[in-house]
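**Student:** Coordinates in start-v4.cif, mmCIF, N, CA and C atoms, are listed below.
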data_upload
loop_
_atom_site.label_atom_id
_atom_site.label_comp_id
_atom_site.auth_asym_id
_atom_site.auth_seq_id
_atom_site.Cartn_x
_atom_site.Cartn_y
_atom_site.Cartn_z
N MET A 1 -10.39 9.37 7.96
CA MET A 1 -11.77 9.79 7.84
C MET A 1 -12.34 9.20 6.55
N LEU A 2 -13.52 8.68 6.63
CA LEU A 2 -14.18 8.09 5.47
C LEU A 2 -15.00 9.15 4.76
N ILE A 3 -14.98 9.12 3.42
CA ILE A 3 -15.79 10.05 2.64
C ILE A 3 -16.62 9.29 1.61
N HIS A 4 -17.77 9.84 1.33
CA HIS A 4 -18.72 9.26 0.39
C HIS A 4 -18.30 9.65 -1.03
N ILE A 5 -18.19 8.65 -1.92
CA ILE A 5 -17.80 8.93 -3.31
C ILE A 5 -18.92 8.63 -4.29
N GLY A 6 -20.14 8.48 -3.78
CA GLY A 6 -21.29 8.28 -4.64
C GLY A 6 -21.88 6.90 -4.53
N PHE A 7 -23.22 6.83 -4.59
CA PHE A 7 -23.98 5.58 -4.63
C PHE A 7 -23.68 4.68 -3.43
N GLY A 8 -23.48 5.27 -2.28
CA GLY A 8 -23.25 4.49 -1.07
C GLY A 8 -21.84 3.95 -0.92
N ASN A 9 -20.95 4.37 -1.78
CA ASN A 9 -19.56 3.91 -1.71
C ASN A 9 -18.71 4.90 -0.91
N ILE A 10 -17.83 4.37 -0.09
CA ILE A 10 -17.05 5.19 0.83
C ILE A 10 -15.58 4.76 0.76
N VAL A 11 -14.67 5.74 0.81
CA VAL A 11 -13.24 5.44 0.84
C VAL A 11 -12.58 6.17 2.00
N ASN A 12 -11.41 5.68 2.37
CA ASN A 12 -10.63 6.30 3.43
C ASN A 12 -9.87 7.48 2.82
N SER A 13 -10.22 8.70 3.21
CA SER A 13 -9.62 9.89 2.60
C SER A 13 -8.14 10.01 2.90
N SER A 14 -7.66 9.41 3.98
CA SER A 14 -6.24 9.51 4.31
C SER A 14 -5.38 8.64 3.39
N LYS A 15 -5.99 7.76 2.63
CA LYS A 15 -5.26 6.89 1.70
C LYS A 15 -5.27 7.40 0.27
N ILE A 16 -5.92 8.53 0.00
CA ILE A 16 -6.00 9.07 -1.36
C ILE A 16 -4.73 9.85 -1.67
N ILE A 17 -4.10 9.52 -2.79
CA ILE A 17 -2.92 10.25 -3.26
C ILE A 17 -3.35 11.36 -4.21
N ALA A 18 -4.29 11.04 -5.13
CA ALA A 18 -4.72 12.02 -6.12
C ALA A 18 -6.16 11.76 -6.54
N ILE A 19 -6.83 12.84 -6.92
CA ILE A 19 -8.18 12.77 -7.50
C ILE A 19 -8.08 13.48 -8.84
N VAL A 20 -8.24 12.73 -9.93
CA VAL A 20 -8.02 13.30 -11.26
C VAL A 20 -9.21 13.04 -12.18
N SER A 21 -9.27 13.84 -13.22
CA SER A 21 -10.29 13.66 -14.26
C SER A 21 -9.86 12.50 -15.16
N PRO A 22 -10.80 11.70 -15.63
CA PRO A 22 -10.45 10.54 -16.45
C PRO A 22 -10.25 10.84 -17.93
N ASP A 23 -10.26 12.10 -18.31
CA ASP A 23 -10.28 12.46 -19.73
C ASP A 23 -8.93 12.40 -20.44
N SER A 24 -7.84 12.57 -19.72
CA SER A 24 -6.53 12.63 -20.40
C SER A 24 -6.04 11.23 -20.77
N ALA A 25 -5.23 11.17 -21.79
CA ALA A 25 -4.69 9.89 -22.25
C ALA A 25 -3.85 9.18 -21.19
N PRO A 26 -2.99 9.88 -20.44
CA PRO A 26 -2.22 9.17 -19.41
C PRO A 26 -3.10 8.54 -18.33
N VAL A 27 -4.17 9.22 -17.95
CA VAL A 27 -5.07 8.66 -16.94
C VAL A 27 -5.82 7.46 -17.51
N LYS A 28 -6.23 7.55 -18.76
CA LYS A 28 -6.90 6.42 -19.40
C LYS A 28 -5.97 5.20 -19.45
N ARG A 29 -4.68 5.43 -19.75
CA ARG A 29 -3.71 4.33 -19.76
C ARG A 29 -3.52 3.75 -18.37
N MET A 30 -3.48 4.62 -17.36
CA MET A 30 -3.32 4.17 -15.98
C MET A 30 -4.51 3.29 -15.56
N VAL A 31 -5.73 3.72 -15.91
CA VAL A 31 -6.92 2.95 -15.57
C VAL A 31 -6.91 1.61 -16.30
N GLN A 32 -6.55 1.62 -17.57
CA GLN A 32 -6.51 0.37 -18.34
C GLN A 32 -5.48 -0.58 -17.77
N SER A 33 -4.32 -0.06 -17.41
CA SER A 33 -3.27 -0.89 -16.80
C SER A 33 -3.76 -1.48 -15.47
N ALA A 34 -4.44 -0.67 -14.67
CA ALA A 34 -4.96 -1.15 -13.40
C ALA A 34 -6.04 -2.21 -13.62
N ARG A 35 -6.85 -2.05 -14.67
CA ARG A 35 -7.87 -3.06 -14.99
C ARG A 35 -7.20 -4.40 -15.29
N GLU A 36 -6.13 -4.34 -16.09
CA GLU A 36 -5.42 -5.56 -16.45
C GLU A 36 -4.80 -6.24 -15.24
N LYS A 37 -4.34 -5.45 -14.27
CA LYS A 37 -3.75 -5.99 -13.04
C LYS A 37 -4.79 -6.40 -12.02
N GLY A 38 -6.04 -5.98 -12.24
CA GLY A 38 -7.10 -6.30 -11.30
C GLY A 38 -7.12 -5.39 -10.08
N THR A 39 -6.59 -4.18 -10.22
CA THR A 39 -6.53 -3.26 -9.08
C THR A 39 -7.50 -2.08 -9.21
N VAL A 40 -8.50 -2.21 -10.09
CA VAL A 40 -9.50 -1.16 -10.24
C VAL A 40 -10.71 -1.50 -9.38
N ILE A 41 -11.22 -0.48 -8.69
CA ILE A 41 -12.48 -0.61 -7.97
C ILE A 41 -13.44 0.34 -8.66
N ASP A 42 -14.45 -0.22 -9.31
CA ASP A 42 -15.42 0.59 -10.05
C ASP A 42 -16.60 0.92 -9.15
N ALA A 43 -16.67 2.17 -8.70
CA ALA A 43 -17.75 2.61 -7.81
C ALA A 43 -18.75 3.51 -8.54
N THR A 44 -18.83 3.35 -9.86
CA THR A 44 -19.70 4.22 -10.67
C THR A 44 -21.13 3.71 -10.78
N GLN A 45 -21.38 2.47 -10.41
CA GLN A 45 -22.71 1.86 -10.54
C GLN A 45 -23.22 1.96 -11.98
N GLY A 46 -22.33 1.80 -12.95
CA GLY A 46 -22.71 1.82 -14.36
C GLY A 46 -22.80 3.20 -14.98
N ARG A 47 -22.59 4.24 -14.19
CA ARG A 47 -22.62 5.61 -14.71
C ARG A 47 -21.28 5.95 -15.36
N LYS A 48 -21.22 7.10 -16.00
CA LYS A 48 -19.99 7.57 -16.61
C LYS A 48 -18.97 7.91 -15.52
N THR A 49 -17.73 7.50 -15.74
CA THR A 49 -16.66 7.82 -14.79
C THR A 49 -16.30 9.29 -14.93
N LYS A 50 -16.41 10.04 -13.83
CA LYS A 50 -16.08 11.46 -13.83
C LYS A 50 -14.83 11.77 -13.03
N SER A 51 -14.40 10.83 -12.18
CA SER A 51 -13.15 11.04 -11.45
C SER A 51 -12.48 9.71 -11.17
N VAL A 52 -11.16 9.79 -11.05
CA VAL A 52 -10.32 8.63 -10.75
C VAL A 52 -9.55 8.96 -9.48
N LEU A 53 -9.68 8.09 -8.48
CA LEU A 53 -8.95 8.27 -7.23
C LEU A 53 -7.78 7.29 -7.22
N VAL A 54 -6.59 7.82 -7.07
CA VAL A 54 -5.40 6.99 -6.97
C VAL A 54 -5.11 6.83 -5.48
N MET A 55 -5.05 5.58 -5.04
CA MET A 55 -4.90 5.29 -3.63
C MET A 55 -3.45 4.88 -3.32
N GLU A 56 -3.09 4.95 -2.03
CA GLU A 56 -1.73 4.62 -1.58
C GLU A 56 -1.29 3.22 -1.98
N ASN A 57 -2.19 2.26 -1.95
CA ASN A 57 -1.84 0.87 -2.20
C ASN A 57 -1.90 0.49 -3.69
N SER A 58 -1.82 1.47 -4.57
CA SER A 58 -1.85 1.30 -6.02
C SER A 58 -3.23 0.91 -6.55
N GLN A 59 -4.24 0.95 -5.71
CA GLN A 59 -5.60 0.73 -6.18
C GLN A 59 -6.06 1.99 -6.92
N VAL A 60 -6.92 1.81 -7.90
CA VAL A 60 -7.51 2.91 -8.64
C VAL A 60 -9.02 2.80 -8.46
N VAL A 61 -9.64 3.85 -7.92
CA VAL A 61 -11.07 3.84 -7.67
C VAL A 61 -11.75 4.78 -8.66
N LEU A 62 -12.77 4.28 -9.35
CA LEU A 62 -13.52 5.08 -10.31
C LEU A 62 -14.79 5.56 -9.66
N SER A 63 -15.12 6.85 -9.84
CA SER A 63 -16.32 7.42 -9.25
C SER A 63 -17.11 8.19 -10.29
N ALA A 64 -18.41 8.26 -10.10
CA ALA A 64 -19.29 9.02 -10.99
C ALA A 64 -19.43 10.47 -10.52
N LEU A 65 -18.78 10.84 -9.41
CA LEU A 65 -18.81 12.23 -8.94
C LEU A 65 -17.65 13.01 -9.55
N LEU A 66 -17.83 14.31 -9.68
CA LEU A 66 -16.77 15.16 -10.20
C LEU A 66 -15.60 15.24 -9.22
N PRO A 67 -14.38 15.40 -9.73
CA PRO A 67 -13.22 15.53 -8.85
C PRO A 67 -13.38 16.67 -7.84
N GLU A 68 -13.99 17.78 -8.26
CA GLU A 68 -14.18 18.92 -7.37
C GLU A 68 -15.10 18.57 -6.21
N THR A 69 -16.11 17.76 -6.47
CA THR A 69 -17.05 17.34 -5.43
C THR A 69 -16.34 16.49 -4.38
N ILE A 70 -15.56 15.53 -4.85
CA ILE A 70 -14.84 14.66 -3.92
C ILE A 70 -13.79 15.45 -3.15
N ALA A 71 -13.07 16.32 -3.85
CA ALA A 71 -12.05 17.14 -3.18
C ALA A 71 -12.68 18.01 -2.10
N GLY A 72 -13.84 18.57 -2.39
CA GLY A 72 -14.54 19.38 -1.40
C GLY A 72 -14.92 18.57 -0.17
N ARG A 73 -15.32 17.32 -0.37
CA ARG A 73 -15.66 16.46 0.76
C ARG A 73 -14.42 16.11 1.57
N VAL A 74 -13.31 15.88 0.89
CA VAL A 74 -12.05 15.59 1.60
C VAL A 74 -11.64 16.80 2.42
N GLN A 75 -11.71 17.98 1.81
CA GLN A 75 -11.34 19.20 2.54
C GLN A 75 -12.30 19.46 3.69
N GLY A 76 -13.57 19.20 3.48
CA GLY A 76 -14.56 19.37 4.54
C GLY A 76 -14.31 18.44 5.71
N SER A 77 -13.92 17.20 5.43
CA SER A 77 -13.64 16.26 6.52
C SER A 77 -12.37 16.66 7.25
N ALA A 78 -11.39 17.18 6.53
CA ALA A 78 -10.16 17.65 7.18
C ALA A 78 -10.46 18.85 8.06
N GLN A 79 -11.30 19.74 7.58
CA GLN A 79 -11.68 20.92 8.37
C GLN A 79 -12.46 20.51 9.62
N ALA A 80 -13.32 19.52 9.47
CA ALA A 80 -14.10 19.05 10.61
C ALA A 80 -13.19 18.45 11.68
N ARG A 81 -12.16 17.73 11.24
CA ARG A 81 -11.20 17.15 12.19
C ARG A 81 -10.46 18.25 12.93
N GLU A 82 -10.05 19.29 12.19
CA GLU A 82 -9.35 20.41 12.82
C GLU A 82 -10.25 21.11 13.83
N ASP A 83 -11.49 21.33 13.44
CA ASP A 83 -12.44 22.00 14.33
C ASP A 83 -12.69 21.18 15.59
N SER A 84 -12.85 19.88 15.46
CA SER A 84 -13.11 19.06 16.64
C SER A 84 -11.88 19.00 17.53
N GLY A 85 -10.70 19.06 16.96
CA GLY A 85 -9.47 19.09 17.75
C GLY A 85 -9.37 20.38 18.52
N ALA A 86 -9.78 21.50 17.93
CA ALA A 86 -9.74 22.80 18.59
C ALA A 86 -10.74 22.84 19.74
N GLU A 87 -11.91 22.20 19.56
CA GLU A 87 -12.91 22.17 20.62
C GLU A 87 -12.42 21.39 21.83
N GLU A 88 -11.72 20.26 21.55
CA GLU A 88 -11.18 19.46 22.64
C GLU A 88 -10.16 20.25 23.43
N THR A 89 -9.31 21.01 22.74
CA THR A 89 -8.30 21.82 23.40
C THR A 89 -8.96 22.91 24.23
N ASP A 90 -10.01 23.55 23.69
CA ASP A 90 -10.71 24.61 24.40
C ASP A 90 -11.34 24.08 25.70
N GLU A 91 -11.89 22.86 25.63
CA GLU A 91 -12.56 22.32 26.80
C GLU A 91 -11.57 22.01 27.92
N ARG A 92 -10.36 21.63 27.56
CA ARG A 92 -9.35 21.31 28.57
C ARG A 92 -8.81 22.55 29.23
N GLY A 93 -8.68 23.63 28.46
CA GLY A 93 -8.01 24.85 28.93
C GLY A 93 -8.89 25.68 29.72
#
Starting from the file, give its structure as C-alpha coordinates.

**Tutor:**
Amino acid sequence: MLIHIGFGNIVNSSKIIAIVSPDSAPVKRMVQSAREKGTVIDATQGRKTKSVLVMENSQVVLSALLPETIAGRVQGSAQAREDSGAEETDERG
(Lines of atoms letter the chains of each structure in order from A and count residues from 1; the text may use other names and numbers.)
(Lines give C-alpha, C1' and ligand atoms only; values in the text may rest on other atoms or scores of the structure.)
Protein backbone atom coordinates (compact mmCIF):
# COMPACT_ATOMS: atom_id res chain seq x y z
CA MET A 1 0.00 0.00 0.00
CA LEU A 2 1.32 3.42 -0.90
CA ILE A 3 1.23 6.25 1.65
CA HIS A 4 1.69 9.98 1.28
CA ILE A 5 4.73 11.36 3.13
CA GLY A 6 4.25 15.02 2.25
CA PHE A 7 4.47 17.37 -0.74
CA GLY A 8 3.15 14.80 -3.20
CA ASN A 9 5.73 12.18 -2.27
CA ILE A 10 4.59 8.60 -1.77
CA VAL A 11 6.32 5.46 -0.46
CA ASN A 12 5.44 1.79 -0.29
CA SER A 13 4.40 1.24 3.34
CA SER A 14 5.19 -2.49 3.16
CA LYS A 15 8.88 -1.64 2.62
CA ILE A 16 9.23 0.58 5.72
CA ILE A 17 11.31 -0.92 8.54
CA ALA A 18 11.25 2.09 10.89
CA ILE A 19 10.00 5.66 11.18
CA VAL A 20 12.21 7.65 13.54
CA SER A 21 12.82 11.20 14.68
CA PRO A 22 15.97 12.77 13.19
CA ASP A 23 17.07 14.39 16.45
CA SER A 24 19.26 11.70 18.02
CA ALA A 25 22.96 11.42 17.27
CA PRO A 26 22.75 7.81 15.98
CA VAL A 27 20.03 8.76 13.48
CA LYS A 28 22.02 11.79 12.36
CA ARG A 29 25.04 9.52 11.78
CA MET A 30 22.88 7.04 9.86
CA VAL A 31 21.53 9.82 7.61
CA GLN A 32 25.02 11.23 7.02
CA SER A 33 26.35 7.77 6.17
CA ALA A 34 23.46 7.22 3.76
CA ARG A 35 24.16 10.63 2.15
CA GLU A 36 27.77 9.61 1.57
CA LYS A 37 26.63 6.31 -0.01
CA GLY A 38 24.02 8.08 -2.11
CA THR A 39 21.11 6.16 -0.59
CA VAL A 40 19.18 9.13 0.84
CA ILE A 41 15.91 10.23 -0.73
CA ASP A 42 15.11 13.76 0.43
CA ALA A 43 11.33 14.27 0.27
CA THR A 44 11.29 17.40 2.44
CA GLN A 45 11.08 19.94 -0.42
CA GLY A 46 13.58 22.12 1.46
CA ARG A 47 11.66 22.02 4.75
CA LYS A 48 13.07 20.84 8.07
CA THR A 49 13.39 17.06 8.34
CA LYS A 50 10.95 15.83 10.98
CA SER A 51 11.10 12.09 10.30
CA VAL A 52 13.43 9.52 8.81
CA LEU A 53 12.04 6.41 7.16
CA VAL A 54 14.37 3.43 7.02
CA MET A 55 13.44 1.20 4.10
CA GLU A 56 14.06 -2.52 3.46
CA ASN A 57 16.59 -1.85 0.69
CA SER A 58 18.81 0.32 2.95
CA GLN A 59 17.38 3.51 1.47
CA VAL A 60 16.77 6.35 3.92
CA VAL A 61 13.84 8.65 3.15
CA LEU A 62 13.63 12.09 4.77
CA SER A 63 10.19 13.63 5.32
CA ALA A 64 8.93 16.97 6.63
CA LEU A 65 5.98 15.22 8.35
CA LEU A 66 6.12 14.09 11.97
CA PRO A 67 6.78 10.39 12.62
CA GLU A 68 3.38 10.14 14.36
CA THR A 69 1.62 11.46 11.26
CA ILE A 70 3.29 8.95 8.96
CA ALA A 71 2.75 6.10 11.43
CA GLY A 72 -0.94 6.99 11.63
CA ARG A 73 -1.19 6.84 7.84
CA VAL A 74 0.55 3.46 7.76
CA GLN A 75 -1.80 2.12 10.44
CA GLY A 76 -4.79 3.61 8.64
CA SER A 77 -3.81 1.91 5.38
CA ALA A 78 -3.32 -1.40 7.19
CA GLN A 79 -6.74 -1.03 8.81
CA ALA A 80 -8.31 -0.22 5.45
CA ARG A 81 -6.80 -3.39 3.97
CA GLU A 82 -8.17 -5.46 6.84
CA ASP A 83 -11.61 -3.89 6.47
CA SER A 84 -11.73 -4.48 2.73
CA GLY A 85 -10.67 -8.10 3.26
CA ALA A 86 -13.50 -8.57 5.77
CA GLU A 87 -16.02 -7.11 3.32
CA GLU A 88 -14.90 -9.52 0.60
CA THR A 89 -15.34 -12.45 2.98
CA ASP A 90 -18.79 -11.21 4.04
CA GLU A 91 -19.94 -10.94 0.43
CA ARG A 92 -18.91 -14.51 -0.34
CA GLY A 93 -20.52 -16.03 2.75

**Student:** Given the file shown, enumerate the residues that the PyMOL selection byres ((chain A and resi 63-72) around 7) captures and present them as a PDB file with N, CA and C atoms, in the frame of the given file.

**Tutor:**
ATOM      1  N   HIS A   4     -17.770   9.840   1.330  1.00  0.00           N
ATOM      2  CA  HIS A   4     -18.720   9.260   0.390  1.00  0.00           C
ATOM      3  C   HIS A   4     -18.300   9.650  -1.030  1.00  0.00           C
ATOM      4  N   ILE A   5     -18.190   8.650  -1.920  1.00  0.00           N
ATOM      5  CA  ILE A   5     -17.800   8.930  -3.310  1.00  0.00           C
ATOM      6  C   ILE A   5     -18.920   8.630  -4.290  1.00  0.00           C
ATOM      7  N   GLY A   6     -20.140   8.480  -3.780  1.00  0.00           N
ATOM      8  CA  GLY A   6     -21.290   8.280  -4.640  1.00  0.00           C
ATOM      9  C   GLY A   6     -21.880   6.900  -4.530  1.00  0.00           C
ATOM     10  N   ILE A  19      -6.830  12.840  -6.920  1.00  0.00           N
ATOM     11  CA  ILE A  19      -8.180  12.770  -7.500  1.00  0.00           C
ATOM     12  C   ILE A  19      -8.080  13.480  -8.840  1.00  0.00           C
ATOM     13  N   VAL A  20      -8.240  12.730  -9.930  1.00  0.00           N
ATOM     14  CA  VAL A  20      -8.020  13.300 -11.260  1.00  0.00           C
ATOM     15  C   VAL A  20      -9.210  13.040 -12.180  1.00  0.00           C
ATOM     16  N   SER A  21      -9.270  13.840 -13.220  1.00  0.00           N
ATOM     17  CA  SER A  21     -10.290  13.660 -14.260  1.00  0.00           C
ATOM     18  C   SER A  21      -9.860  12.500 -15.160  1.00  0.00           C
ATOM     19  N   ILE A  41     -11.220  -0.480  -8.690  1.00  0.00           N
ATOM     20  CA  ILE A  41     -12.480  -0.610  -7.970  1.00  0.00           C
ATOM     21  C   ILE A  41     -13.440   0.340  -8.660  1.00  0.00           C
ATOM     22  N   ASP A  42     -14.450  -0.220  -9.310  1.00  0.00           N
ATOM     23  CA  ASP A  42     -15.420   0.590 -10.050  1.00  0.00           C
ATOM     24  C   ASP A  42     -16.600   0.920  -9.150  1.00  0.00           C
ATOM     25  N   ALA A  43     -16.670   2.170  -8.700  1.00  0.00           N
ATOM     26  CA  ALA A  43     -17.750   2.610  -7.810  1.00  0.00           C
ATOM     27  C   ALA A  43     -18.750   3.510  -8.540  1.00  0.00           C
ATOM     28  N   THR A  44     -18.830   3.350  -9.860  1.00  0.00           N
ATOM     29  CA  THR A  44     -19.700   4.220 -10.670  1.00  0.00           C
ATOM     30  C   THR A  44     -21.130   3.710 -10.780  1.00  0.00           C
ATOM     31  N   GLN A  45     -21.380   2.470 -10.410  1.00  0.00           N
ATOM     32  CA  GLN A  45     -22.710   1.860 -10.540  1.00  0.00           C
ATOM     33  C   GLN A  45     -23.220   1.960 -11.980  1.00  0.00           C
ATOM     34  N   ARG A  47     -22.590   4.240 -14.190  1.00  0.00           N
ATOM     35  CA  ARG A  47     -22.620   5.610 -14.710  1.00  0.00           C
ATOM     36  C   ARG A  47     -21.280   5.950 -15.360  1.00  0.00           C
ATOM     37  N   LYS A  48     -21.220   7.100 -16.000  1.00  0.00           N
ATOM     38  CA  LYS A  48     -19.990   7.570 -16.610  1.00  0.00           C
ATOM     39  C   LYS A  48     -18.970   7.910 -15.520  1.00  0.00           C
ATOM     40  N   THR A  49     -17.730   7.500 -15.740  1.00  0.00           N
ATOM     41  CA  THR A  49     -16.660   7.820 -14.790  1.00  0.00           C
ATOM     42  C   THR A  49     -16.300   9.290 -14.930  1.00  0.00           C
ATOM     43  N   LYS A  50     -16.410  10.040 -13.830  1.00  0.00           N
ATOM     44  CA  LYS A  50     -16.080  11.460 -13.830  1.00  0.00           C
ATOM     45  C   LYS A  50     -14.830  11.770 -13.030  1.00  0.00           C
ATOM     46  N   SER A  51     -14.400  10.830 -12.180  1.00  0.00           N
ATOM     47  CA  SER A  51     -13.150  11.040 -11.450  1.00  0.00           C
ATOM     48  C   SER A  51     -12.480   9.710 -11.170  1.00  0.00           C
ATOM     49  N   VAL A  52     -11.160   9.790 -11.050  1.00  0.00           N
ATOM     50  CA  VAL A  52     -10.320   8.630 -10.750  1.00  0.00           C
ATOM     51  C   VAL A  52      -9.550   8.960  -9.480  1.00  0.00           C
ATOM     52  N   LEU A  53      -9.680   8.090  -8.480  1.00  0.00           N
ATOM     53  CA  LEU A  53      -8.950   8.270  -7.230  1.00  0.00           C
ATOM     54  C   LEU A  53      -7.780   7.290  -7.220  1.00  0.00           C
ATOM     55  N   VAL A  61      -9.640   3.850  -7.920  1.00  0.00           N
ATOM     56  CA  VAL A  61     -11.070   3.840  -7.670  1.00  0.00           C
ATOM     57  C   VAL A  61     -11.750   4.780  -8.660  1.00  0.00           C
ATOM     58  N   LEU A  62     -12.770   4.280  -9.350  1.00  0.00           N
ATOM     59  CA  LEU A  62     -13.520   5.080 -10.310  1.00  0.00           C
ATOM     60  C   LEU A  62     -14.790   5.560  -9.660  1.00  0.00           C
ATOM     61  N   ARG A  73     -15.320  17.320  -0.370  1.00  0.00           N
ATOM     62  CA  ARG A  73     -15.660  16.460   0.760  1.00  0.00           C
ATOM     63  C   ARG A  73     -14.420  16.110   1.570  1.00  0.00           C
ATOM     64  N   VAL A  74     -13.310  15.880   0.890  1.00  0.00           N
ATOM     65  CA  VAL A  74     -12.050  15.590   1.600  1.00  0.00           C
ATOM     66  C   VAL A  74     -11.640  16.800   2.420  1.00  0.00           C
ATOM     67  N   GLN A  75     -11.710  17.980   1.810  1.00  0.00           N
ATOM     68  CA  GLN A  75     -11.340  19.200   2.540  1.00  0.00           C
ATOM     69  C   GLN A  75     -12.300  19.460   3.690  1.00  0.00           C
ATOM     70  N   GLY A  76     -13.570  19.200   3.480  1.00  0.00           N
ATOM     71  CA  GLY A  76     -14.560  19.370   4.540  1.00  0.00           C
ATOM     72  C   GLY A  76     -14.310  18.440   5.710  1.00  0.00           C
ATOM     73  N   SER A  77     -13.920  17.200   5.430  1.00  0.00           N
ATOM     74  CA  SER A  77     -13.640  16.260   6.520  1.00  0.00           C
ATOM     75  C   SER A  77     -12.370  16.660   7.250  1.00  0.00           C
TER      76      SER A  77
END

**Student:** Can you pull out every residue within 8 Å of A:Asn57, counting all atoms listed in the file, but drop anything in the same chain fewer than 2 positions away, and send it as a list in words?

**Tutor:** Lys15, Ile16, Ile17, Val54, Met55, Gln59 and Val60 of chain A

**Student:** For atom C of A:Met30 and atom N of A:Ala78, determine how far apart the two atoms are, in Å to one decimal place.

**Tutor:** 27.0 Å

**Student:** Could you tell me, as a ChimeraX atom specification, which residues of chain A DSSP assigns to strand (DSSP E) when given the backbone?

**Tutor:** /A:2-6,9-12,16-20,40-42,51-55,60-63

**Student:** In Å, rounded to a single decimal, give me how far atom CA of A:Gln79 is from atom CA of A:Val27.

**Tutor:** 28.9 Å

**Student:** May I ask for the distance between atom CA of A:Asp23 and atom CA of A:Ile3, given in Å to one decimal place?

**Tutor:**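 So the answer is 23.2 Å.
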
**Student:** Give the helix (DSSP H, G or I) residues of stretch 39-76 of chain A, as DSSP finds them on the backbone, and put them as a PyMOL selection string.

**Tutor:** chain A and resi 67-76

**Student:** If I only want stretch 8-40 of chain A, can you write it with N, CA and C atoms, as a short mmCIF file (atom, residue, chain, number, x, y, z; two decimals), in the first residue's frame?

**Tutor:**
data_model
loop_
_atom_site.label_atom_id
_atom_site.label_comp_id
_atom_site.auth_asym_id
_atom_site.auth_seq_id
_atom_site.Cartn_x
_atom_site.Cartn_y
_atom_site.Cartn_z
N GLY A 8 3.38 15.64 -2.02
CA GLY A 8 3.15 14.80 -3.20
C GLY A 8 4.07 13.60 -3.30
N ASN A 9 4.82 13.33 -2.26
CA ASN A 9 5.73 12.18 -2.27
C ASN A 9 5.06 10.97 -1.62
N ILE A 10 5.27 9.81 -2.21
CA ILE A 10 4.59 8.60 -1.77
C ILE A 10 5.61 7.47 -1.66
N VAL A 11 5.46 6.64 -0.61
CA VAL A 11 6.32 5.46 -0.46
C VAL A 11 5.47 4.21 -0.25
N ASN A 12 6.09 3.08 -0.49
CA ASN A 12 5.44 1.79 -0.29
C ASN A 12 5.53 1.45 1.20
N SER A 13 4.39 1.44 1.89
CA SER A 13 4.40 1.24 3.34
C SER A 13 4.87 -0.16 3.72
N SER A 14 4.75 -1.13 2.83
CA SER A 14 5.19 -2.49 3.16
C SER A 14 6.71 -2.61 3.17
N LYS A 15 7.41 -1.62 2.66
CA LYS A 15 8.88 -1.64 2.62
C LYS A 15 9.51 -0.84 3.75
N ILE A 16 8.70 -0.22 4.62
CA ILE A 16 9.23 0.58 5.72
C ILE A 16 9.61 -0.32 6.89
N ILE A 17 10.84 -0.18 7.36
CA ILE A 17 11.31 -0.92 8.54
C ILE A 17 11.07 -0.09 9.79
N ALA A 18 11.38 1.22 9.72
CA ALA A 18 11.25 2.09 10.89
C ALA A 18 10.95 3.52 10.46
N ILE A 19 10.25 4.22 11.34
CA ILE A 19 10.00 5.66 11.18
C ILE A 19 10.50 6.31 12.46
N VAL A 20 11.56 7.10 12.35
CA VAL A 20 12.21 7.65 13.54
C VAL A 20 12.37 9.16 13.45
N SER A 21 12.54 9.76 14.60
CA SER A 21 12.82 11.20 14.68
C SER A 21 14.29 11.44 14.32
N PRO A 22 14.59 12.52 13.62
CA PRO A 22 15.97 12.77 13.19
C PRO A 22 16.85 13.43 14.24
N ASP A 23 16.36 13.59 15.45
CA ASP A 23 17.07 14.39 16.45
C ASP A 23 18.23 13.69 17.16
N SER A 24 18.21 12.38 17.26
CA SER A 24 19.26 11.70 18.02
C SER A 24 20.55 11.59 17.21
N ALA A 25 21.65 11.51 17.92
CA ALA A 25 22.96 11.42 17.27
C ALA A 25 23.09 10.16 16.40
N PRO A 26 22.63 8.99 16.84
CA PRO A 26 22.75 7.81 15.98
C PRO A 26 21.98 7.95 14.66
N VAL A 27 20.81 8.57 14.71
CA VAL A 27 20.03 8.76 13.48
C VAL A 27 20.73 9.77 12.58
N LYS A 28 21.28 10.82 13.16
CA LYS A 28 22.02 11.79 12.36
C LYS A 28 23.21 11.14 11.67
N ARG A 29 23.92 10.24 12.38
CA ARG A 29 25.04 9.52 11.78
C ARG A 29 24.56 8.60 10.66
N MET A 30 23.43 7.93 10.87
CA MET A 30 22.88 7.04 9.86
C MET A 30 22.52 7.82 8.59
N VAL A 31 21.90 9.00 8.75
CA VAL A 31 21.53 9.82 7.61
C VAL A 31 22.79 10.31 6.89
N GLN A 32 23.78 10.75 7.64
CA GLN A 32 25.02 11.23 7.02
C GLN A 32 25.71 10.11 6.26
N SER A 33 25.75 8.92 6.84
CA SER A 33 26.35 7.77 6.17
C SER A 33 25.60 7.44 4.88
N ALA A 34 24.27 7.50 4.94
CA ALA A 34 23.46 7.22 3.76
C ALA A 34 23.69 8.30 2.69
N ARG A 35 23.87 9.55 3.11
CA ARG A 35 24.16 10.63 2.15
C ARG A 35 25.46 10.33 1.41
N GLU A 36 26.47 9.91 2.16
CA GLU A 36 27.77 9.61 1.57
C GLU A 36 27.68 8.44 0.58
N LYS A 37 26.82 7.47 0.88
CA LYS A 37 26.63 6.31 -0.01
C LYS A 37 25.69 6.61 -1.16
N GLY A 38 24.97 7.73 -1.07
CA GLY A 38 24.02 8.08 -2.11
C GLY A 38 22.70 7.34 -2.00
N THR A 39 22.35 6.92 -0.78
CA THR A 39 21.11 6.16 -0.59
C THR A 39 20.03 6.96 0.15
N VAL A 40 20.18 8.29 0.20
CA VAL A 40 19.18 9.13 0.84
C VAL A 40 18.22 9.65 -0.23
#
